[in-house]
Each structure stands twice: as C-alpha cells, then as structure tokens.
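Novice: For reference, this is entry_33.cif, and it has mmCIF, C-alpha atoms.
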```
data_data
#
loop_
_atom_site.group_PDB
_atom_site.id
_atom_site.type_symbol
_atom_site.label_atom_id
_atom_site.label_comp_id
_atom_site.auth_asym_id
_atom_site.auth_seq_id
_atom_site.Cartn_x
_atom_site.Cartn_y
_atom_site.Cartn_z
ATOM 1 C CA MET S 1 84.299 105.104 81.152
ATOM 2 C CA HIS S 2 81.695 106.163 78.595
ATOM 3 C CA GLU S 3 81.104 109.896 78.476
ATOM 4 C CA GLU S 4 78.181 111.410 76.588
ATOM 5 C CA PRO S 5 78.929 114.655 74.732
ATOM 6 C CA PHE S 6 77.225 117.764 75.980
ATOM 7 C CA THR S 7 76.269 120.977 74.234
ATOM 8 C CA ALA S 8 76.340 123.771 76.806
ATOM 9 C CA VAL S 9 78.829 124.394 79.569
ATOM 10 C CA GLY S 10 78.791 128.123 80.098
ATOM 11 C CA GLU S 11 75.245 128.953 81.217
ATOM 12 C CA GLY S 12 75.373 127.434 84.699
ATOM 13 C CA LEU S 13 72.411 125.887 86.475
ATOM 14 C CA ASP S 14 69.389 127.733 87.759
ATOM 15 C CA PHE S 15 68.160 127.719 91.359
ATOM 16 C CA GLU S 16 65.496 125.100 90.743
ATOM 17 C CA ARG S 17 68.022 122.760 89.139
ATOM 18 C CA TYR S 18 70.272 123.053 92.180
ATOM 19 C CA CYS S 19 67.338 122.227 94.463
ATOM 20 C CA ALA S 20 66.463 119.204 92.347
ATOM 21 C CA GLU S 21 70.065 118.097 92.080
ATOM 22 C CA ILE S 22 70.544 118.047 95.860
ATOM 23 C CA VAL S 23 67.745 115.467 96.032
ATOM 24 C CA THR S 24 69.019 113.580 92.989
ATOM 25 C CA GLN S 25 72.551 113.230 94.334
ATOM 26 C CA ALA S 26 71.310 112.088 97.729
ATOM 27 C CA GLY S 27 69.059 109.513 96.084
ATOM 28 C CA LEU S 28 71.869 108.152 93.934
ATOM 29 C CA LEU S 29 74.133 107.820 96.951
ATOM 30 C CA ALA S 30 71.389 106.302 99.079
ATOM 31 C CA ALA S 31 70.765 103.679 96.406
ATOM 32 C CA VAL S 32 74.262 102.207 96.773
ATOM 33 C CA LEU S 33 74.158 101.942 100.587
ATOM 34 C CA PRO S 34 71.949 98.862 101.152
ATOM 35 C CA GLY S 35 74.246 95.853 100.996
ATOM 36 C CA ALA S 36 77.401 97.999 100.935
ATOM 37 C CA ASP S 37 80.289 97.743 103.370
ATOM 38 C CA LEU S 38 79.745 100.943 105.325
ATOM 39 C CA ALA S 39 82.949 100.288 107.258
ATOM 40 C CA ALA S 40 84.996 100.598 104.058
ATOM 41 C CA GLU S 41 87.590 103.352 104.297
ATOM 42 C CA VAL S 42 87.274 106.311 101.920
ATOM 43 C CA PRO S 43 90.729 106.937 100.413
ATOM 44 C CA THR S 44 89.790 110.409 99.156
ATOM 45 C CA CYS S 45 88.634 111.463 102.647
ATOM 46 C CA PRO S 46 91.350 110.000 104.885
ATOM 47 C CA GLY S 47 90.122 108.816 108.248
ATOM 48 C CA TRP S 48 86.497 108.425 107.171
ATOM 49 C CA THR S 49 84.460 105.334 106.477
ATOM 50 C CA VAL S 50 81.542 105.306 104.038
ATOM 51 C CA ASN S 51 79.225 105.428 107.061
ATOM 52 C CA GLN S 52 80.938 108.564 108.346
ATOM 53 C CA LEU S 53 81.039 110.219 104.938
ATOM 54 C CA VAL S 54 77.275 109.857 104.589
ATOM 55 C CA ARG S 55 76.788 111.326 108.057
ATOM 56 C CA HIS S 56 79.047 114.245 107.147
ATOM 57 C CA LEU S 57 77.118 114.974 103.958
ATOM 58 C CA GLY S 58 73.673 114.605 105.523
ATOM 59 C CA GLY S 59 74.700 116.580 108.588
ATOM 60 C CA GLY S 60 76.028 119.370 106.418
ATOM 61 C CA GLN S 61 72.756 119.529 104.518
ATOM 62 C CA ARG S 62 70.788 119.773 107.745
ATOM 63 C CA TRP S 63 73.148 122.506 108.969
ATOM 64 C CA ALA S 64 72.630 124.495 105.758
ATOM 65 C CA GLU S 65 68.871 123.888 105.931
ATOM 66 C CA GLU S 66 68.777 125.414 109.416
ATOM 67 C CA ILE S 67 70.640 128.490 108.182
ATOM 68 C CA VAL S 68 68.222 129.008 105.304
ATOM 69 C CA HIS S 69 65.105 128.139 107.323
ATOM 70 C CA THR S 70 65.923 130.567 110.160
ATOM 71 C CA ARG S 71 67.568 133.137 107.869
ATOM 72 C CA ALA S 72 70.470 132.968 110.259
ATOM 73 C CA ALA S 73 72.849 135.880 110.704
ATOM 74 C CA GLN S 74 75.431 133.589 112.328
ATOM 75 C CA PRO S 75 76.258 129.921 111.690
ATOM 76 C CA PRO S 76 74.763 127.265 113.969
ATOM 77 C CA PRO S 77 77.060 124.665 115.606
ATOM 78 C CA ASP S 78 78.477 122.107 113.192
ATOM 79 C CA LEU S 79 80.155 119.601 115.510
ATOM 80 C CA ASP S 80 77.726 116.816 114.679
ATOM 81 C CA PHE S 81 79.034 116.542 111.122
ATOM 82 C CA ARG S 82 82.639 117.445 111.949
ATOM 83 C CA ASP S 83 83.199 114.889 114.722
ATOM 84 C CA LEU S 84 82.277 111.662 112.956
ATOM 85 C CA SER S 85 83.677 109.230 115.507
ATOM 86 C CA PRO S 86 80.244 108.179 116.895
ATOM 87 C CA TYR S 87 79.012 106.951 113.511
ATOM 88 C CA VAL S 88 79.948 103.292 113.222
ATOM 89 C CA GLY S 89 77.998 100.145 112.427
ATOM 90 C CA GLU S 90 74.775 101.879 111.412
ATOM 91 C CA ASP S 91 72.013 100.176 109.494
ATOM 92 C CA PRO S 92 72.460 100.924 105.756
ATOM 93 C CA VAL S 93 68.733 101.204 105.020
ATOM 94 C CA MET S 94 68.182 103.552 107.943
ATOM 95 C CA LEU S 95 71.150 105.653 106.860
ATOM 96 C CA ALA S 96 69.907 105.818 103.270
ATOM 97 C CA ASP S 97 66.455 106.959 104.428
ATOM 98 C CA TRP S 98 68.003 109.550 106.757
ATOM 99 C CA LEU S 99 70.124 110.962 103.927
ATOM 100 C CA THR S 100 67.264 111.279 101.437
ATOM 101 C CA GLU S 101 64.881 112.745 104.013
ATOM 102 C CA GLY S 102 67.374 115.454 104.902
ATOM 103 C CA ALA S 103 68.044 116.308 101.270
ATOM 104 C CA GLU S 104 64.335 116.540 100.494
ATOM 105 C CA GLN S 105 63.736 118.810 103.485
ATOM 106 C CA PHE S 106 66.673 121.004 102.506
ATOM 107 C CA ALA S 107 65.412 121.361 98.937
ATOM 108 C CA ALA S 108 61.905 122.174 100.189
ATOM 109 C CA THR S 109 63.281 124.877 102.486
ATOM 110 C CA LEU S 110 65.362 126.361 99.698
ATOM 111 C CA ARG S 111 62.331 126.543 97.403
ATOM 112 C CA LYS S 112 60.112 128.040 100.096
ATOM 113 C CA THR S 113 62.676 130.670 101.087
ATOM 114 C CA GLY S 114 63.720 131.536 97.540
ATOM 115 C CA PRO S 115 67.128 132.313 96.107
ATOM 116 C CA ASP S 116 67.570 135.908 97.297
ATOM 117 C CA ALA S 117 66.800 136.028 101.021
ATOM 118 C CA ASP S 118 69.482 137.462 103.294
ATOM 119 C CA VAL S 119 71.288 134.653 105.162
ATOM 120 C CA TRP S 120 74.745 134.080 106.590
ATOM 121 C CA THR S 121 77.303 132.392 104.339
ATOM 122 C CA PRO S 122 80.918 131.458 105.119
ATOM 123 C CA LEU S 123 82.415 133.948 102.651
ATOM 124 C CA PRO S 124 82.809 137.423 104.170
ATOM 125 C CA ARG S 125 82.783 139.174 100.792
ATOM 126 C CA GLY S 126 80.774 136.576 98.905
ATOM 127 C CA PRO S 127 77.048 136.082 98.294
ATOM 128 C CA ARG S 128 74.761 136.064 101.341
ATOM 129 C CA ASN S 129 71.710 134.211 100.081
ATOM 130 C CA PRO S 130 70.235 130.716 99.705
ATOM 131 C CA SER S 131 71.555 130.518 96.147
ATOM 132 C CA PHE S 132 75.040 130.127 97.581
ATOM 133 C CA PHE S 133 74.023 127.102 99.651
ATOM 134 C CA ALA S 134 71.970 125.583 96.824
ATOM 135 C CA ARG S 135 74.979 125.598 94.507
ATOM 136 C CA ARG S 136 77.607 124.722 97.113
ATOM 137 C CA MET S 137 75.643 121.792 98.521
ATOM 138 C CA THR S 138 74.856 120.481 95.040
ATOM 139 C CA HIS S 139 78.539 120.050 94.346
ATOM 140 C CA GLU S 140 79.284 118.931 97.907
ATOM 141 C CA ALA S 141 76.788 116.108 97.351
ATOM 142 C CA ALA S 142 78.074 115.232 93.883
ATOM 143 C CA LEU S 143 81.696 114.986 94.970
ATOM 144 C CA HIS S 144 81.018 113.153 98.210
ATOM 145 C CA ARG S 145 78.924 110.697 96.211
ATOM 146 C CA ALA S 146 82.035 110.187 94.094
ATOM 147 C CA ASP S 147 84.031 109.557 97.276
ATOM 148 C CA ALA S 148 81.613 106.858 98.372
ATOM 149 C CA VAL S 149 81.161 105.228 94.965
ATOM 150 C CA LEU S 150 84.895 105.088 94.297
ATOM 151 C CA ALA S 151 85.550 103.697 97.785
ATOM 152 C CA LEU S 152 83.012 100.948 97.086
ATOM 153 C CA LYS S 153 84.644 100.223 93.688
ATOM 154 C CA GLY S 154 81.602 101.320 91.746
ATOM 155 C CA ALA S 155 81.249 103.304 88.517
ATOM 156 C CA TYR S 156 80.686 107.023 88.949
ATOM 157 C CA THR S 157 78.855 109.205 86.460
ATOM 158 C CA LEU S 158 77.580 112.772 86.632
ATOM 159 C CA ALA S 159 75.409 114.847 84.319
ATOM 160 C CA PRO S 160 77.779 116.885 82.110
ATOM 161 C CA GLU S 161 76.128 120.213 82.871
ATOM 162 C CA VAL S 162 76.513 119.540 86.593
ATOM 163 C CA ALA S 163 80.164 118.603 86.146
ATOM 164 C CA ALA S 164 80.822 121.770 84.128
ATOM 165 C CA ASP S 165 79.142 123.948 86.738
ATOM 166 C CA GLY S 166 81.156 122.118 89.377
ATOM 167 C CA LEU S 167 84.367 123.163 87.660
ATOM 168 C CA ASP S 168 83.131 126.739 87.352
ATOM 169 C CA GLU S 169 82.246 126.861 91.044
ATOM 170 C CA TRP S 170 85.558 125.294 92.046
ATOM 171 C CA MET S 171 87.440 127.918 90.034
ATOM 172 C CA GLU S 172 85.318 130.776 91.377
ATOM 173 C CA LEU S 173 85.688 129.824 95.032
ATOM 174 C CA GLY S 174 89.373 129.030 94.685
ATOM 175 C CA SER S 175 90.058 132.415 93.090
ATOM 176 C CA LEU S 176 88.344 134.577 95.702
ATOM 177 C CA PRO S 177 90.846 137.121 97.104
ATOM 178 C CA GLU S 178 90.170 135.996 100.670
ATOM 179 C CA MET S 179 91.507 132.541 99.841
ATOM 180 C CA LEU S 180 95.006 134.025 100.011
ATOM 181 C CA ASP S 181 94.220 135.079 103.594
ATOM 182 C CA PHE S 182 92.743 131.697 104.489
ATOM 183 C CA HIS S 183 95.622 129.823 102.815
ATOM 184 C CA PRO S 184 98.727 132.044 102.771
ATOM 185 C CA ARG S 185 100.843 129.345 101.110
ATOM 186 C CA GLN S 186 98.825 129.869 97.935
ATOM 187 C CA ARG S 187 100.734 133.120 97.399
ATOM 188 C CA GLU S 188 103.713 130.951 96.469
ATOM 189 C CA LEU S 189 101.822 129.944 93.325
ATOM 190 C CA LEU S 190 101.945 133.439 91.850
ATOM 191 C CA GLY S 191 104.655 134.186 89.325
ATOM 192 C CA PRO S 192 105.399 135.102 85.717
ATOM 193 C CA GLY S 193 104.435 132.581 83.061
ATOM 194 C CA ARG S 194 102.388 130.453 85.431
ATOM 195 C CA THR S 195 99.210 129.454 83.602
ATOM 196 C CA LEU S 196 97.293 126.177 83.476
ATOM 197 C CA ARG S 197 94.631 125.107 80.991
ATOM 198 C CA PHE S 198 92.047 122.373 81.517
ATOM 199 C CA GLU S 199 90.335 121.299 78.302
ATOM 200 C CA ALA S 200 87.359 118.943 78.137
ATOM 201 C CA THR S 201 87.612 116.795 75.030
ATOM 202 C CA ASP S 202 84.133 115.252 75.109
ATOM 203 C CA VAL S 203 82.234 118.266 73.750
ATOM 204 C CA ARG S 204 80.853 119.152 70.355
ATOM 205 C CA ASP S 205 82.707 121.477 68.001
ATOM 206 C CA GLY S 206 82.251 125.150 68.758
ATOM 207 C CA VAL S 207 81.464 124.766 72.460
ATOM 208 C CA GLU S 208 83.947 126.467 74.787
ATOM 209 C CA ALA S 209 85.059 123.930 77.386
ATOM 210 C CA SER S 210 88.477 125.152 78.487
ATOM 211 C CA TRP S 211 89.308 126.618 81.866
ATOM 212 C CA LEU S 212 92.411 128.833 82.104
ATOM 213 C CA VAL S 213 94.017 129.355 85.518
ATOM 214 C CA ASP S 214 96.133 132.516 85.545
ATOM 215 C CA LEU S 215 98.709 132.865 88.311
ATOM 216 C CA THR S 216 100.661 135.721 86.720
ATOM 217 C CA GLY S 217 99.036 138.577 88.656
ATOM 218 C CA ASP S 218 98.614 139.571 92.297
ATOM 219 C CA VAL S 219 95.777 137.106 92.933
ATOM 220 C CA LEU S 220 94.670 133.727 91.663
ATOM 221 C CA ALA S 221 92.453 134.181 88.608
ATOM 222 C CA TRP S 222 90.630 132.078 86.040
ATOM 223 C CA ARG S 223 88.608 132.468 82.872
ATOM 224 C CA ARG S 224 87.016 130.363 80.168
ATOM 225 C CA SER S 225 89.633 130.402 77.440
ATOM 226 C CA ALA S 226 91.325 128.143 74.916
ATOM 227 C CA GLU S 227 94.542 130.186 74.903
ATOM 228 C CA SER S 228 97.866 128.437 75.302
ATOM 229 C CA ALA S 229 99.293 127.836 78.787
ATOM 230 C CA ALA S 230 102.433 126.648 80.493
ATOM 231 C CA VAL S 231 100.705 123.332 81.138
ATOM 232 C CA THR S 232 97.593 121.900 79.495
ATOM 233 C CA VAL S 233 95.483 119.038 80.822
ATOM 234 C CA ARG S 234 93.107 117.406 78.343
ATOM 235 C CA GLY S 235 90.512 114.701 78.796
ATOM 236 C CA PRO S 236 86.865 113.936 79.602
ATOM 237 C CA LEU S 237 85.048 116.618 81.562
ATOM 238 C CA LEU S 238 84.255 114.352 84.497
ATOM 239 C CA GLU S 239 87.897 113.306 84.766
ATOM 240 C CA LEU S 240 88.959 116.958 84.844
ATOM 241 C CA LEU S 241 86.536 117.605 87.687
ATOM 242 C CA LEU S 242 87.782 114.598 89.659
ATOM 243 C CA ALA S 243 91.388 115.643 89.064
ATOM 244 C CA VAL S 244 91.069 119.238 90.263
ATOM 245 C CA TYR S 245 89.201 117.986 93.326
ATOM 246 C CA ARG S 246 92.004 115.413 93.759
ATOM 247 C CA ARG S 247 89.517 112.561 93.689
ATOM 248 C CA ARG S 248 91.438 110.791 90.939
ATOM 249 C CA PRO S 249 95.185 111.169 90.295
ATOM 250 C CA VAL S 250 96.133 112.817 87.033
ATOM 251 C CA ALA S 251 98.600 109.963 86.565
ATOM 252 C CA ASP S 252 95.751 107.419 86.319
ATOM 253 C CA GLY S 253 95.851 107.809 82.556
ATOM 254 C CA ALA S 254 92.456 109.256 81.680
ATOM 255 C CA LEU S 255 94.017 112.693 81.168
ATOM 256 C CA VAL S 256 96.817 113.887 78.897
ATOM 257 C CA VAL S 257 99.239 116.475 80.292
ATOM 258 C CA GLU S 258 101.399 118.656 78.075
ATOM 259 C CA GLY S 259 103.948 121.162 79.348
ATOM 260 C CA ASP S 260 105.114 121.986 82.860
ATOM 261 C CA THR S 261 103.981 119.013 84.942
ATOM 262 C CA GLY S 262 105.792 120.437 87.954
ATOM 263 C CA LEU S 263 103.555 123.509 87.892
ATOM 264 C CA LEU S 264 100.481 121.278 87.723
ATOM 265 C CA ASP S 265 101.620 119.263 90.739
ATOM 266 C CA PHE S 266 102.487 122.436 92.655
ATOM 267 C CA TRP S 267 99.094 123.979 91.903
ATOM 268 C CA LEU S 268 97.160 120.860 92.877
ATOM 269 C CA ASP S 269 99.064 120.679 96.151
ATOM 270 C CA ARG S 270 98.295 124.280 97.078
ATOM 271 C CA VAL S 271 94.666 124.736 96.033
ATOM 272 C CA ALA S 272 93.018 121.559 97.301
ATOM 273 C CA PHE S 273 89.678 121.989 99.041
ATOM 274 C CA GLY S 274 86.366 120.089 99.367
#
```
Starting from the file, lay out its structure as structure tokens.
Specialist:
Amino acid sequence: MHEEPFTAVGEGLDFERYCAEIVTQAGLLAAVLPGADLAAEVPTCPGWTVNQLVRHLGGGQRWAEEIVHTRAAQPPPDLDFRDLSPYVGEDPVMLADWLTEGAEQFAATLRKTGPDADVWTPLPRGPRNPSFFARRMTHEAALHRADAVLALKGAYTLAPEVAADGLDEWMELGSLPEMLDFHPRQRELLGPGRTLRFEATDVRDGVEASWLVDLTGDVLAWRRSAESAAVTVRGPLLELLLAVYRRRPVADGALVVEGDTGLLDFWLDRVAFG
C-alpha cells in the first residue's frame, strides 16, 4: 500500500476538522455501498454484515447528534444501533443516502452548538462537551469505514493527520484511570520493564512519530517518545493504527516487531476496544 509522508503528527485536529471529517468519512463509506454485497460478513466485527455495520455507525451518529442537540444530561436509548438483527437486505443506495444525511446533520449540530457546551459523555471523569463527540465519532467513522472496506476486499486509505490523531485518541482513552475499573483484567498488564513502542516509519526526518506505552506504574500510561522499549513495532502509520485497533494482524507482514512479542500479544489482547 502506498503511504504518503506527512509532516505533523503532534498538533491534533481542530473542532472544525472533526466536523468536516465526520462528513468525509461517511461520504467515502457511502460511495462503496452501491453495487456492494451488503450481506458480506465483517471479520473485524464478528456477527455483523456490512449492512449492519453501516446501521451501527449511522445510528451511533444520530444518537450522538441527539445528545449534542438537546444538551442532554443523560444518554438517550441506544438499542436501535446495538440490536442490529432487523437490518438485512436493505437497498444500498437508500442506505448510503441515510448514512450521509445523518453525518451531515450531526456535523451541522456540532457546529451550531459549538465545542464547549455542557453535555453528557460516557466518561465520568472525562470531557463533557461536544468536542468529545466530534473527535470520538470521527475515529469511529474512520475505523468502521476500514471494517467495511476490508470486508469488501477494497483498498483502505486515511489522511495521515487523521490516522495520527486516531492513535493519540486511542492511547488517551485506553490510559484513562477508569479503564482499570471498566476492564479489571487490564491490571494484569502492569509490571516492571513492560513498555511498548510504536514507531511510524513513513514520516520526514525530525518529526516525532513514536508512541510509548508504559505499563511500569500503577496505571496504564503513554507518551510521545522515541525511547527504547521492551518491544518495538515499526511500520507505516496507517498499519500501526489498524494493528492497535486489531483491524489487521501484526503478523500480516506490514509491520516489523523487535523484542518481547509475547508482551505485544498480551497487551493487544487486554486493551482492545472500538
């Protein structure tokens, strides 16, 4: 896969870019639906078809839009995008239009409400504003588009700055202290000498593109760092993102692993989400 080099990976994306990206990702996914086999199973989301994956993504965007629009203090029901069993045999063009319409409405609501309004979010000690949903749903859309494209045997690409921010967000959410309460088995990861480094190789000289996962303390932690680690994973940025999200196996060959492969496997098994 051809990867274009990028020049900045540490500045993140602004609120407007997230709003635009939600629409962009929906449009890219919608474009592959006409003529596609919507009944195809999605290996990276076991039990879902492409049809159901699209309904999950679009339903989640509508759910988040309602939260932002109403400035909700509590989450609305989410059964319609959790129970996907009714969604079979739908018309691909209708489904594509439904997806893009929902994304456009969500982005419009985000822009109208602004990034700093007080709204409910699923993290008890995390941010409580539309910025959280703008960022989270950007990467939800990007990765679920990957699920669909890979299931349909297509080629998946993603803007490098979006991929880099996706890795940052993944690390940030996965390292929140409450994650150890949500997923107690993650405590088993902690121990002396347990560090993992993920290094993007498709960047220009002088640009920091290494993510260091530090499991040596009392909580899961991460930082941008090129320091040595017990295990290092090197390769294209997009492949790193797909690997940590477990969308593509490390063993597929696009990445090079040096050091404690057992620690890498153990970490991937314990921290999976999304």
Novice: Between S:Thr70, S:Gln61, S:Ser85, S:Thr232, which one has atoms that come closest to Trp98 (chain S), using all atoms listed in the file?
Specialist: S:Gln61
Novice: Using CA of Leu212 (chain S) and CA of Ala141 (chain S) as the two end points, give the distance in Å to one decimal.
Specialist: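 Interatomic distance here is 25.3 Å.
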Novice: List the residues selected by the PyMOL selection byres ((chain S and resi 190) around 9) in the file shown, writing them as a list in words.
Specialist: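 Expected selection for the PyMOL selection byres ((chain S and resi 190) around 9) here is Gln186, Arg187, Glu188, Leu189, Gly191, Pro192, Arg194, Asp214, Leu215, Thr216, Gly217, Asp218, Val219 and Leu220 of chain S.
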Novice: Counting only C-alpha atoms, what is within 12 Å of Asp165 (chain S), bar same-chain residues fewer than 5 positions away, as a list of chain:residue names?
Specialist: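 My list of contacting residues is S:Ala8, S:Val9, S:Gly10, S:Glu11, S:Gly12, S:Leu13, S:Asp14, S:Arg17, S:Tyr18, S:Arg135, S:Arg136, S:Thr138, S:His139, S:Ala142, S:Leu158, S:Ala159, S:Pro160, S:Trp170, S:Met171, S:Glu172, S:Ala209, S:Trp211, S:Leu237, S:Leu238, S:Leu241.
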Novice: Taking the file as I've supplied it (selection: the PyMOL selection byres ((chain S and resi 229) around 8)), which residues are included? Please answer as a tab-separated table (two decimals) with C-alpha atoms, in the coordinates of the input.
Specialist:
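As written to disk, result_6.tsv reads:
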```
chain	number	residue	atom	x	y	z
S	194	ARG	CA	102.39	130.45	85.43
S	195	THR	CA	99.21	129.45	83.60
S	196	LEU	CA	97.29	126.18	83.48
S	197	ARG	CA	94.63	125.11	80.99
S	212	LEU	CA	92.41	128.83	82.10
S	227	GLU	CA	94.54	130.19	74.90
S	228	SER	CA	97.87	128.44	75.30
S	230	ALA	CA	102.43	126.65	80.49
S	231	VAL	CA	100.70	123.33	81.14
S	232	THR	CA	97.59	121.90	79.50
```
Novice: With 9 Å as the threshold, what does the neighbourhood of (89.0, 115.4, 72.0) contain in terms of residues, counting only C-alpha atoms? Coordinates are those of the file; answer as a list of chain:residue names.
Specialist: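 Protein and nucleic acid residues near the point are S:Glu199, S:Ala200, S:Thr201, S:Asp202, S:Val203, S:Arg234, S:Gly235, S:Pro236.
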Novice: Would you mind completing region 21-40 of chain S to N, CA, C and O atoms and writing the output as a compact mmCIF listing (two decimals), keeping the file's coordinate frame?
Specialist:
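And here is the file that came out, out-v6.txt:
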```txt
# COMPACT_ATOMS: atom_id res chain seq x y z
N GLU S 21 68.84 118.89 92.13
CA GLU S 21 70.06 118.10 92.08
C GLU S 21 70.49 117.65 93.47
O GLU S 21 71.05 116.56 93.63
N ILE S 22 70.24 118.46 94.49
CA ILE S 22 70.54 118.05 95.86
C ILE S 22 69.81 116.75 96.20
O ILE S 22 70.37 115.82 96.78
N VAL S 23 68.54 116.68 95.79
CA VAL S 23 67.74 115.47 96.03
C VAL S 23 68.24 114.32 95.15
O VAL S 23 68.36 113.17 95.61
N THR S 24 68.54 114.62 93.91
CA THR S 24 69.02 113.58 92.99
C THR S 24 70.30 112.95 93.48
O THR S 24 70.45 111.71 93.51
N GLN S 25 71.26 113.76 93.88
CA GLN S 25 72.55 113.23 94.33
C GLN S 25 72.40 112.40 95.59
O GLN S 25 73.02 111.35 95.75
N ALA S 26 71.55 112.86 96.52
CA ALA S 26 71.31 112.09 97.73
C ALA S 26 70.67 110.75 97.40
O ALA S 26 71.03 109.71 97.96
N GLY S 27 69.72 110.76 96.46
CA GLY S 27 69.06 109.51 96.08
C GLY S 27 70.01 108.53 95.43
O GLY S 27 69.95 107.32 95.70
N LEU S 28 70.90 109.03 94.58
CA LEU S 28 71.87 108.15 93.93
C LEU S 28 72.84 107.55 94.95
O LEU S 28 73.21 106.37 94.85
N LEU S 29 73.25 108.35 95.92
CA LEU S 29 74.13 107.82 96.95
C LEU S 29 73.39 106.84 97.85
O LEU S 29 73.90 105.76 98.17
N ALA S 30 72.18 107.19 98.23
CA ALA S 30 71.39 106.30 99.08
C ALA S 30 71.18 104.94 98.43
O ALA S 30 71.15 103.91 99.10
N ALA S 31 71.05 104.92 97.12
CA ALA S 31 70.76 103.68 96.41
C ALA S 31 71.90 102.68 96.49
O ALA S 31 71.68 101.47 96.33
N VAL S 32 73.14 103.14 96.71
CA VAL S 32 74.26 102.21 96.77
C VAL S 32 74.54 101.73 98.20
O VAL S 32 75.39 100.85 98.39
N LEU S 33 73.84 102.28 99.20
CA LEU S 33 74.16 101.94 100.59
C LEU S 33 73.65 100.57 101.03
O LEU S 33 74.39 99.82 101.67
N PRO S 34 72.40 100.19 100.72
CA PRO S 34 71.95 98.86 101.15
C PRO S 34 72.84 97.77 100.56
O PRO S 34 73.08 97.71 99.36
N GLY S 35 73.36 96.93 101.43
CA GLY S 35 74.25 95.85 101.00
C GLY S 35 75.70 96.26 100.89
O GLY S 35 76.57 95.40 100.64
N ALA S 36 76.01 97.53 101.05
CA ALA S 36 77.40 98.00 100.94
C ALA S 36 78.13 97.83 102.26
O ALA S 36 77.52 97.75 103.33
N ASP S 37 79.45 97.80 102.18
CA ASP S 37 80.29 97.74 103.37
C ASP S 37 80.49 99.17 103.87
O ASP S 37 81.38 99.89 103.41
N LEU S 38 79.66 99.57 104.83
CA LEU S 38 79.74 100.94 105.32
C LEU S 38 81.01 101.20 106.13
O LEU S 38 81.36 102.36 106.38
N ALA S 39 81.69 100.13 106.53
CA ALA S 39 82.95 100.29 107.26
C ALA S 39 84.14 100.48 106.33
O ALA S 39 85.27 100.70 106.80
N ALA S 40 83.91 100.42 105.02
CA ALA S 40 85.00 100.60 104.06
C ALA S 40 85.60 101.99 104.22
O ALA S 40 84.88 102.98 104.35
```
